[in-house]
$ cat target-v4.cif   # mmCIF, C-alpha atoms and all ligand atoms
data_target
loop_
_atom_site.label_atom_id
_atom_site.label_comp_id
_atom_site.auth_asym_id
_atom_site.auth_seq_id
_atom_site.Cartn_x
_atom_site.Cartn_y
_atom_site.Cartn_z
CA MET A 928 33.21 53.50 -0.29
CA LYS A 929 30.25 51.19 0.24
CA ASP A 930 27.30 51.49 -2.11
CA ALA A 931 24.25 53.06 -0.52
CA LEU A 932 22.27 50.36 -2.29
CA LEU A 933 23.29 47.22 -4.11
CA ALA A 934 20.58 45.05 -5.65
CA GLU A 935 21.32 42.10 -7.91
CA ASN A 936 19.38 39.48 -9.84
CA LEU A 937 15.95 40.41 -8.55
CA ARG A 938 13.02 38.44 -9.85
CA LYS A 939 9.47 38.79 -8.60
CA THR A 940 6.53 36.56 -9.39
CA TYR A 941 3.09 36.91 -7.84
CA LYS A 942 1.27 33.62 -7.49
CA LEU A 943 -2.41 33.80 -6.76
CA PRO A 944 -4.55 30.71 -6.21
CA GLY A 945 -6.43 29.65 -9.34
CA ALA A 946 -4.65 32.11 -11.64
CA ALA A 947 -1.55 32.03 -13.82
CA PRO A 948 1.52 33.44 -12.01
CA ILE A 949 2.47 37.02 -12.83
CA ARG A 950 6.18 37.54 -13.48
CA VAL A 951 6.67 41.24 -12.71
CA PHE A 952 10.39 41.44 -13.46
CA ASP A 953 13.45 39.24 -13.83
CA GLY A 954 17.19 39.88 -13.64
CA VAL A 955 16.87 43.38 -12.22
CA SER A 956 20.06 44.89 -10.77
CA LEU A 957 20.71 48.38 -9.45
CA ARG A 958 23.63 50.04 -7.72
CA VAL A 959 23.33 53.46 -6.09
CA ALA A 960 26.26 55.46 -4.71
CA PRO A 961 26.03 57.41 -1.45
CA GLY A 962 24.07 60.62 -2.02
CA GLU A 963 23.15 59.67 -5.58
CA ARG A 964 19.61 60.27 -6.87
CA VAL A 965 18.00 57.77 -9.22
CA ALA A 966 14.57 58.26 -10.79
CA VAL A 967 12.58 55.13 -11.66
CA LEU A 968 10.17 55.50 -14.57
CA GLY A 969 7.76 53.05 -16.16
CA ARG A 970 4.12 52.81 -17.03
CA SER A 971 1.48 51.86 -14.51
CA GLY A 972 1.71 48.17 -13.58
CA SER A 973 5.33 47.81 -14.74
CA GLY A 974 6.43 46.87 -11.21
CA LYS A 975 7.88 50.11 -9.83
CA SER A 976 6.22 49.84 -6.41
CA THR A 977 7.06 46.15 -6.18
CA LEU A 978 10.71 46.94 -6.92
CA LEU A 979 10.85 49.77 -4.36
CA ASN A 980 9.29 47.55 -1.69
CA ILE A 981 11.92 44.88 -2.33
CA LEU A 982 14.76 47.43 -2.25
CA GLY A 983 13.46 48.61 1.12
CA GLY A 984 12.97 45.15 2.62
CA LEU A 985 9.18 45.49 2.77
CA ASP A 986 8.80 42.64 0.29
CA ARG A 987 11.08 39.80 -0.83
CA PRO A 988 12.19 38.75 -4.30
CA ASP A 989 11.67 35.19 -5.55
CA PRO A 990 14.09 32.76 -3.89
CA GLY A 991 16.71 30.83 -5.82
CA THR A 992 17.94 33.43 -8.31
CA GLY A 993 21.03 34.50 -6.36
CA ALA A 994 19.26 37.72 -5.48
CA ARG A 995 21.07 40.21 -3.27
CA VAL A 996 19.90 43.41 -1.62
CA GLU A 997 22.37 45.38 0.49
CA VAL A 998 21.79 48.77 2.05
CA ALA A 999 24.95 50.49 3.29
CA GLY A 1000 26.64 47.09 3.16
CA LEU A 1001 23.94 45.37 5.26
CA ASP A 1002 22.40 42.24 3.79
CA LEU A 1003 18.61 42.65 3.81
CA LEU A 1004 17.73 39.19 2.49
CA GLY A 1005 19.96 36.87 4.49
CA CYS A 1006 18.50 37.70 7.89
CA GLY A 1007 15.29 37.16 9.83
CA GLU A 1008 12.30 39.50 9.88
CA ARG A 1009 13.20 41.09 13.23
CA ARG A 1010 16.68 42.02 12.15
CA ARG A 1011 15.43 43.20 8.76
CA ALA A 1012 12.89 45.46 10.47
CA ALA A 1013 15.67 46.95 12.60
CA MET A 1014 17.90 47.54 9.56
CA ARG A 1015 15.00 49.16 7.78
CA ALA A 1016 14.21 51.46 10.66
CA ARG A 1017 17.79 52.65 11.03
CA ASN A 1018 18.93 52.88 7.44
CA ILE A 1019 15.97 53.41 5.16
CA GLY A 1020 13.37 56.17 4.92
CA PHE A 1021 10.14 55.74 2.94
CA VAL A 1022 7.88 58.35 1.38
CA PHE A 1023 4.65 57.23 -0.30
CA GLN A 1024 2.27 58.89 -2.72
CA ALA A 1025 -0.61 58.79 -0.22
CA PHE A 1026 1.47 60.16 2.70
CA HIS A 1027 0.64 57.25 5.08
CA LEU A 1028 0.56 59.37 8.23
CA LEU A 1029 -1.22 58.03 11.30
CA PRO A 1030 -4.39 60.13 11.61
CA GLU A 1031 -4.77 59.88 15.39
CA LEU A 1032 -1.23 61.15 16.08
CA THR A 1033 -0.09 64.77 15.96
CA VAL A 1034 2.41 66.03 13.40
CA LEU A 1035 5.23 65.85 15.95
CA GLU A 1036 4.23 62.34 17.09
CA ASN A 1037 4.13 61.12 13.49
CA VAL A 1038 7.65 62.39 12.86
CA ARG A 1039 9.01 60.94 16.13
CA LEU A 1040 7.51 57.55 15.39
CA PRO A 1041 10.49 55.93 13.58
CA ALA A 1042 12.58 56.42 16.73
CA MET A 1043 10.15 54.33 18.79
CA ALA A 1044 10.56 51.25 16.62
CA HIS A 1045 13.77 49.28 17.05
CA GLY A 1046 15.58 51.98 19.00
CA GLY A 1047 17.11 54.29 16.39
CA VAL A 1048 18.07 57.56 18.05
CA GLY A 1049 17.21 57.98 21.75
CA ARG A 1050 13.93 59.47 22.94
CA HIS A 1051 15.26 62.92 23.75
CA GLU A 1052 17.31 63.17 20.58
CA ALA A 1053 14.32 62.01 18.51
CA GLU A 1054 12.16 64.77 19.95
CA GLU A 1055 14.85 67.38 19.22
CA ARG A 1056 15.47 66.11 15.73
CA ALA A 1057 11.75 65.90 14.92
CA ARG A 1058 11.29 69.52 15.98
CA ARG A 1059 14.28 70.68 13.92
CA LEU A 1060 13.11 68.76 10.85
CA LEU A 1061 9.59 70.16 11.11
CA GLU A 1062 10.90 73.68 11.72
CA ALA A 1063 13.12 73.43 8.64
CA ALA A 1064 10.17 72.03 6.67
CA GLY A 1065 8.15 75.15 7.51
CA LEU A 1066 5.83 73.32 9.90
CA GLY A 1067 7.15 74.61 13.22
CA GLY A 1068 3.75 76.12 13.95
CA ARG A 1069 1.83 72.93 13.25
CA LEU A 1070 3.45 70.45 15.66
CA GLU A 1071 0.28 69.69 17.61
CA HIS A 1072 -2.04 69.51 14.59
CA ARG A 1073 -3.48 66.27 13.22
CA PRO A 1074 -2.83 65.27 9.60
CA ALA A 1075 -6.50 65.92 8.70
CA GLU A 1076 -5.95 69.61 9.50
CA LEU A 1077 -3.16 69.92 6.90
CA SER A 1078 -3.14 70.32 3.12
CA GLY A 1079 -1.79 67.54 0.91
CA GLY A 1080 1.50 69.35 0.43
CA GLU A 1081 1.86 69.90 4.17
CA ARG A 1082 1.11 66.24 4.87
CA GLN A 1083 3.82 65.20 2.46
CA ARG A 1084 6.23 67.59 4.21
CA VAL A 1085 5.49 65.77 7.45
CA ALA A 1086 6.06 62.43 5.69
CA VAL A 1087 9.44 63.61 4.36
CA ALA A 1088 10.47 64.80 7.83
CA ARG A 1089 9.42 61.44 9.29
CA ALA A 1090 11.40 59.55 6.64
CA LEU A 1091 14.53 61.50 7.62
CA LEU A 1092 14.19 61.16 11.40
CA ASN A 1093 16.74 58.38 11.80
CA ALA A 1094 19.14 59.99 9.27
CA PRO A 1095 18.82 57.09 6.82
CA SER A 1096 21.51 56.36 4.22
CA LEU A 1097 18.79 55.49 1.70
CA LEU A 1098 15.52 57.26 0.96
CA LEU A 1099 12.90 55.43 -1.12
CA ALA A 1100 10.06 57.53 -2.51
CA ASP A 1101 7.13 56.06 -4.46
CA GLU A 1102 5.55 58.83 -6.56
CA PRO A 1103 5.95 61.36 -3.71
CA THR A 1104 4.57 64.16 -5.88
CA GLY A 1105 1.84 62.07 -7.51
CA ASN A 1106 -1.04 63.42 -5.39
CA LEU A 1107 0.10 67.04 -5.56
CA ASP A 1108 -0.17 69.83 -8.14
CA GLY A 1109 2.99 70.61 -10.11
CA GLN A 1110 4.21 73.53 -8.03
CA THR A 1111 3.54 71.82 -4.69
CA GLY A 1112 5.25 68.71 -6.03
CA MET A 1113 8.38 70.70 -6.89
CA GLN A 1114 8.40 72.17 -3.38
CA ILE A 1115 8.30 68.65 -1.95
CA LEU A 1116 11.22 67.74 -4.18
CA ASP A 1117 13.16 70.76 -2.91
CA LEU A 1118 12.45 69.52 0.60
CA VAL A 1119 13.60 65.98 -0.17
CA PHE A 1120 16.85 67.40 -1.57
CA ASP A 1121 17.51 70.15 0.98
CA LEU A 1122 16.08 68.99 4.30
CA PRO A 1123 18.94 66.63 5.26
CA SER A 1124 21.53 69.44 5.13
CA ALA A 1125 19.16 71.75 7.01
CA VAL A 1126 19.46 69.41 9.99
CA SER A 1127 23.19 68.81 9.54
CA GLY A 1128 23.04 65.41 7.94
CA GLU A 1129 24.47 63.89 4.80
CA ALA A 1130 21.96 63.71 1.97
CA PRO A 1131 20.76 60.11 1.70
CA ALA A 1132 20.89 58.27 -1.59
CA LEU A 1133 17.49 58.52 -3.25
CA VAL A 1134 15.52 56.08 -5.39
CA MET A 1135 12.35 57.81 -6.48
CA VAL A 1136 9.51 56.50 -8.61
CA THR A 1137 7.93 59.23 -10.68
CA HIS A 1138 5.79 59.74 -13.77
CA SER A 1139 7.15 63.23 -14.23
CA ARG A 1140 10.02 63.89 -16.66
CA GLU A 1141 10.55 67.19 -14.86
CA VAL A 1142 11.01 65.39 -11.55
CA ALA A 1143 13.26 62.76 -13.16
CA ALA A 1144 15.42 65.52 -14.68
CA ARG A 1145 16.40 66.62 -11.17
CA CYS A 1146 17.96 63.22 -10.44
CA ASN A 1147 21.46 62.07 -11.43
CA ARG A 1148 20.24 59.03 -13.34
CA THR A 1149 17.08 57.54 -14.77
CA ALA A 1150 16.11 53.88 -14.73
CA THR A 1151 13.09 52.58 -16.64
CA LEU A 1152 11.12 49.41 -15.91
CA ARG A 1153 9.73 47.97 -19.10
CA ASP A 1154 8.68 44.41 -19.98
CA GLY A 1155 10.14 43.08 -16.76
CA ALA A 1156 13.60 44.60 -17.18
CA LEU A 1157 15.31 47.70 -15.81
CA THR A 1158 17.28 49.84 -18.26
CA PHE A 1159 19.35 52.93 -17.58
CA GLY A 1160 19.82 56.25 -19.26
N1 LIG A 1201 0.19 41.82 -3.89
C1 LIG A 1201 0.04 41.54 -5.19
N2 LIG A 1201 -0.49 40.37 -5.60
C2 LIG A 1201 -0.61 40.07 -6.91
N3 LIG A 1201 -0.22 40.88 -7.91
C3 LIG A 1201 0.32 42.07 -7.58
C4 LIG A 1201 0.48 42.47 -6.20
N4 LIG A 1201 1.05 43.70 -6.18
C5 LIG A 1201 1.24 44.05 -7.47
N5 LIG A 1201 0.80 43.09 -8.31
C6 LIG A 1201 0.89 43.10 -9.78
O1 LIG A 1201 2.24 43.29 -10.14
C7 LIG A 1201 2.37 44.20 -11.22
C8 LIG A 1201 3.21 45.40 -10.82
O2 LIG A 1201 2.52 46.18 -9.84
P1 LIG A 1201 3.17 47.49 -9.20
O3 LIG A 1201 4.50 47.13 -8.65
O4 LIG A 1201 2.19 48.06 -8.25
O5 LIG A 1201 3.35 48.42 -10.49
P2 LIG A 1201 3.56 50.01 -10.60
O6 LIG A 1201 3.94 50.53 -9.25
O7 LIG A 1201 4.63 50.18 -11.63
O8 LIG A 1201 2.27 50.58 -11.08
C9 LIG A 1201 0.94 44.57 -11.64
O9 LIG A 1201 0.56 43.72 -12.66
C10 LIG A 1201 0.15 44.26 -10.37
O10 LIG A 1201 -1.18 43.93 -10.69
MG MG A 1202 3.13 52.00 -8.05
#

$ encode --input "target-v4.cif" --output "structure tokens"
Amino acid sequence: MKDALLAENLRKTYKLPGAAPIRVFDGVSLRVAPGERVAVLGRSGSGKSTLLNILGGLDRPDPGTGARVEVAGLDLLGCGERRRAAMRARNIGFVFQAFHLLPELTVLENVRLPAMAHGGVGRHEAEERARRLLEAAGLGGRLEHRPAELSGGERQRVAVARALLNAPSLLLADEPTGNLDGQTGMQILDLVFDLPSAVSGEAPALVMVTHSREVAARCNRTATLRDGALTFG
């Protein structure tokens, strides 16, 4: 079976004018099986967000290191921006610490949004799926509300539903519980784990950045970024 995610030889250097380049990591490789959950740990500034953005095609690794990023067998690096954006929309869901909902859109519109870009599921199916996801997330009564009318935990529920709209094979979550109290955070984790099956989908593979050992313990594997390298176990 294809890996849900295959990343090899990733190096990332930030070069800012007038300053010494910052080498964030070098030689990072990661392989994730379908449905597998991997927690990424590491202190602040160790490069966790940078790594997640590269795994999801939102950022690119340094050229010339033989770097490879494949999601469900699709090559994210060897194609143009348009095609990468389409692959991202269809195969990858993102959840961020700060929710990143669009404030002017309703809850339902926010969740439907990934279907608009790059034609994932059709319009009618997107509407149906968004409603089912929100219902299963306990937000069936809040479809027409704006994000500002919701609590932090509710906003993150909306963000998780949105990330799952196109039934991605890979879910990337960057400290999804970081802005929430412990109990609310655990409920979000339950949702991340259980929501796909509630709408008759396969659970996506998950790569989740977290500072919480308790959260990491609910994953199959732990990877730690330290001094520019990723170690497992
Ligand atoms: N766009 C950027 N330009 C320059 N440096 C950056 C940029 N983004 C992150 N960095 C630097 O790269 C390092 C890793 O950042 P980040 O990936 O956000 O770490 P983490 O998510 O583990 O806290 C930090 O030293 C940070 O200052
Ligand atoms: Mg970060």

$ residues_near_ligand --input "target-v4.cif" --ligand "ligand MG 1202 (chain A)" --cutoff "12 Å" --atoms "all atoms listed in the file" --output "NGL selection string"
:A and (967-980 or 1023-1025 or 1100-1103 or 1105 or 1135-1138 or 1152)

$ axis_aligned_box --input "target-v4.cif" --around "ligand LIG 1201 (chain A)" --padding-each-side "6 Å" --output "AutoDock Vina command-line options"
--center_x 1.7 --center_y 45.3 --center_z -8.3 --size_x 17.8 --size_y 22.5 --size_z 20.8

$ atom_distance --input "target-v4.cif" --atom1 "atom CA of Asn1147 of chain A" --atom2 "atom CA of Gly1079 of chain A"
26.9 Å

$ atom_distance --input "target-v4.cif" --atom1 "atom CA of Leu1098 of chain A" --atom2 "atom CA of Arg950 of chain A"
26.2 Å

$ closest_residue --input "target-v4.cif" --among "A:Leu1040, A:Leu1001, A:Ala1086, A:Leu1122" --to "Leu1060 of chain A" --atoms "only C-alpha atoms"
A:Leu1122

$ residues_around --input "target-v4.cif" --residues "Ala1088 of chain A" --least-positions-apart "6" --cutoff "9 Å" --atoms "all atoms listed in the file" --output "list in words"
Val1038, Ala1057, Leu1060, Leu1061, Ala1064, Leu1118, Val1119 and Leu1122 of chain A

$ closest_residue --input "target-v4.cif" --among "A:Gly1005, A:Pro1095, A:Gly1155, A:Gly1112" --to "ligand LIG 1201 (chain A)" --atoms "all atoms listed in the file"
A:Gly1155

$ atom_distance --input "target-v4.cif" --atom1 "atom CA of Glu1008 of chain A" --atom2 "atom CA of Leu1032 of chain A"
26.3 Å

$ closest_residue --input "target-v4.cif" --among "A:Met1014, A:Leu1077, A:Ala1156, A:Ile1019" --to "Ala931 of chain A" --atoms "only C-alpha atoms"
A:Ile1019

$ residues_around --input "target-v4.cif" --residues "Arg1056 of chain A" --least-positions-apart "4" --cutoff "8 Å" --atoms "only C-alpha atoms" --output "PyMOL selection string"
chain A and resi 1052+1060+1092+1126

$ write_last_selection --input "target-v4.cif" --atoms "C-alpha atoms" --output "mmCIF file, keeping the file's coordinate frame"
data_model
loop_
_atom_site.group_PDB
_atom_site.id
_atom_site.type_symbol
_atom_site.label_atom_id
_atom_site.label_comp_id
_atom_site.auth_asym_id
_atom_site.auth_seq_id
_atom_site.Cartn_x
_atom_site.Cartn_y
_atom_site.Cartn_z
ATOM 1 C CA GLU A 1052 17.310 63.170 20.580
ATOM 2 C CA LEU A 1060 13.110 68.760 10.850
ATOM 3 C CA LEU A 1092 14.190 61.160 11.400
ATOM 4 C CA VAL A 1126 19.460 69.410 9.990
#

$ decode --input "target-v4.cif" --residues "segment 947-979 of chain A" --atoms "N, CA and C atoms" --output "mmCIF file, in the first residue's frame"
data_model
loop_
_atom_site.group_PDB
_atom_site.id
_atom_site.type_symbol
_atom_site.label_atom_id
_atom_site.label_comp_id
_atom_site.auth_asym_id
_atom_site.auth_seq_id
_atom_site.Cartn_x
_atom_site.Cartn_y
_atom_site.Cartn_z
ATOM 1 N N ALA A 947 22.769 36.469 8.982
ATOM 2 C CA ALA A 947 23.280 35.131 8.705
ATOM 3 C C ALA A 947 22.098 34.197 8.441
ATOM 4 N N PRO A 948 22.243 33.264 7.473
ATOM 5 C CA PRO A 948 21.151 32.322 7.207
ATOM 6 C C PRO A 948 20.855 31.449 8.429
ATOM 7 N N ILE A 949 19.586 31.098 8.575
ATOM 8 C CA ILE A 949 19.181 30.211 9.671
ATOM 9 C C ILE A 949 18.881 28.841 9.097
ATOM 10 N N ARG A 950 19.678 27.844 9.470
ATOM 11 C CA ARG A 950 19.421 26.465 9.050
ATOM 12 C C ARG A 950 18.473 25.863 10.081
ATOM 13 N N VAL A 951 17.237 25.618 9.696
ATOM 14 C CA VAL A 951 16.242 25.130 10.669
ATOM 15 C C VAL A 951 16.409 23.628 10.890
ATOM 16 N N PHE A 952 16.505 22.874 9.783
ATOM 17 C CA PHE A 952 16.784 21.437 9.917
ATOM 18 C C PHE A 952 17.460 20.935 8.654
ATOM 19 N N ASP A 953 18.011 19.723 8.754
ATOM 20 C CA ASP A 953 18.756 19.152 7.633
ATOM 21 C C ASP A 953 18.628 17.631 7.697
ATOM 22 N N GLY A 954 18.389 17.008 6.551
ATOM 23 C CA GLY A 954 18.335 15.551 6.502
ATOM 24 C C GLY A 954 17.124 14.949 7.187
ATOM 25 N N VAL A 955 16.016 15.691 7.203
ATOM 26 C CA VAL A 955 14.816 15.179 7.870
ATOM 27 C C VAL A 955 14.021 14.274 6.924
ATOM 28 N N SER A 956 13.684 13.082 7.399
ATOM 29 C CA SER A 956 12.868 12.133 6.634
ATOM 30 C C SER A 956 11.758 11.594 7.529
ATOM 31 N N LEU A 957 10.634 11.310 6.922
ATOM 32 C CA LEU A 957 9.466 10.844 7.690
ATOM 33 C C LEU A 957 8.549 10.072 6.762
ATOM 34 N N ARG A 958 8.087 8.923 7.252
ATOM 35 C CA ARG A 958 7.204 8.077 6.467
ATOM 36 C C ARG A 958 5.991 7.769 7.336
ATOM 37 N N VAL A 959 4.808 7.978 6.827
ATOM 38 C CA VAL A 959 3.598 7.760 7.624
ATOM 39 C C VAL A 959 2.660 6.848 6.845
ATOM 40 N N ALA A 960 2.220 5.769 7.492
ATOM 41 C CA ALA A 960 1.335 4.798 6.842
ATOM 42 C C ALA A 960 -0.100 5.326 6.843
ATOM 43 N N PRO A 961 -0.941 4.809 5.945
ATOM 44 C CA PRO A 961 -2.341 5.234 5.938
ATOM 45 C C PRO A 961 -2.976 5.037 7.313
ATOM 46 N N GLY A 962 -3.649 6.067 7.802
ATOM 47 C CA GLY A 962 -4.341 5.986 9.080
ATOM 48 C C GLY A 962 -3.456 6.119 10.306
ATOM 49 N N GLU A 963 -2.138 6.158 10.101
ATOM 50 C CA GLU A 963 -1.237 6.250 11.251
ATOM 51 C C GLU A 963 -1.238 7.662 11.837
ATOM 52 N N ARG A 964 -1.001 7.748 13.161
ATOM 53 C CA ARG A 964 -0.942 9.050 13.834
ATOM 54 C C ARG A 964 0.442 9.281 14.409
ATOM 55 N N VAL A 965 1.074 10.363 13.981
ATOM 56 C CA VAL A 965 2.415 10.696 14.458
ATOM 57 C C VAL A 965 2.378 12.049 15.162
ATOM 58 N N ALA A 966 2.882 12.094 16.387
ATOM 59 C CA ALA A 966 2.992 13.353 17.122
ATOM 60 C C ALA A 966 4.386 13.922 16.916
ATOM 61 N N VAL A 967 4.470 15.210 16.636
ATOM 62 C CA VAL A 967 5.766 15.884 16.491
ATOM 63 C C VAL A 967 5.969 16.805 17.691
ATOM 64 N N LEU A 968 7.057 16.523 18.426
ATOM 65 C CA LEU A 968 7.402 17.307 19.606
ATOM 66 C C LEU A 968 8.659 18.122 19.320
ATOM 67 N N GLY A 969 8.955 19.047 20.201
ATOM 68 C CA GLY A 969 10.167 19.861 20.045
ATOM 69 C C GLY A 969 9.921 21.223 20.652
ATOM 70 N N ARG A 970 10.989 21.821 21.176
ATOM 71 C CA ARG A 970 10.777 23.091 21.852
ATOM 72 C C ARG A 970 10.434 24.182 20.840
ATOM 73 N N SER A 971 9.984 25.297 21.351
ATOM 74 C CA SER A 971 9.599 26.427 20.520
ATOM 75 C C SER A 971 10.790 26.862 19.665
ATOM 76 N N GLY A 972 10.553 27.071 18.377
ATOM 77 C CA GLY A 972 11.626 27.502 17.486
ATOM 78 C C GLY A 972 12.422 26.364 16.882
ATOM 79 N N SER A 973 12.081 25.113 17.205
ATOM 80 C CA SER A 973 12.848 23.976 16.686
ATOM 81 C C SER A 973 12.503 23.654 15.228
ATOM 82 N N GLY A 974 11.437 24.263 14.701
ATOM 83 C CA GLY A 974 11.132 24.084 13.281
ATOM 84 C C GLY A 974 9.901 23.234 12.998
ATOM 85 N N LYS A 975 9.072 23.008 14.011
ATOM 86 C CA LYS A 975 7.905 22.133 13.842
ATOM 87 C C LYS A 975 6.921 22.695 12.807
ATOM 88 N N SER A 976 6.617 23.981 12.923
ATOM 89 C CA SER A 976 5.667 24.577 11.967
ATOM 90 C C SER A 976 6.254 24.611 10.566
ATOM 91 N N THR A 977 7.534 24.924 10.476
ATOM 92 C CA THR A 977 8.207 24.922 9.174
ATOM 93 C C THR A 977 8.116 23.539 8.528
ATOM 94 N N LEU A 978 8.366 22.496 9.321
ATOM 95 C CA LEU A 978 8.303 21.130 8.803
ATOM 96 C C LEU A 978 6.882 20.799 8.328
ATOM 97 N N LEU A 979 5.891 21.124 9.151
ATOM 98 C CA LEU A 979 4.504 20.805 8.789
ATOM 99 C C LEU A 979 4.103 21.520 7.499
#
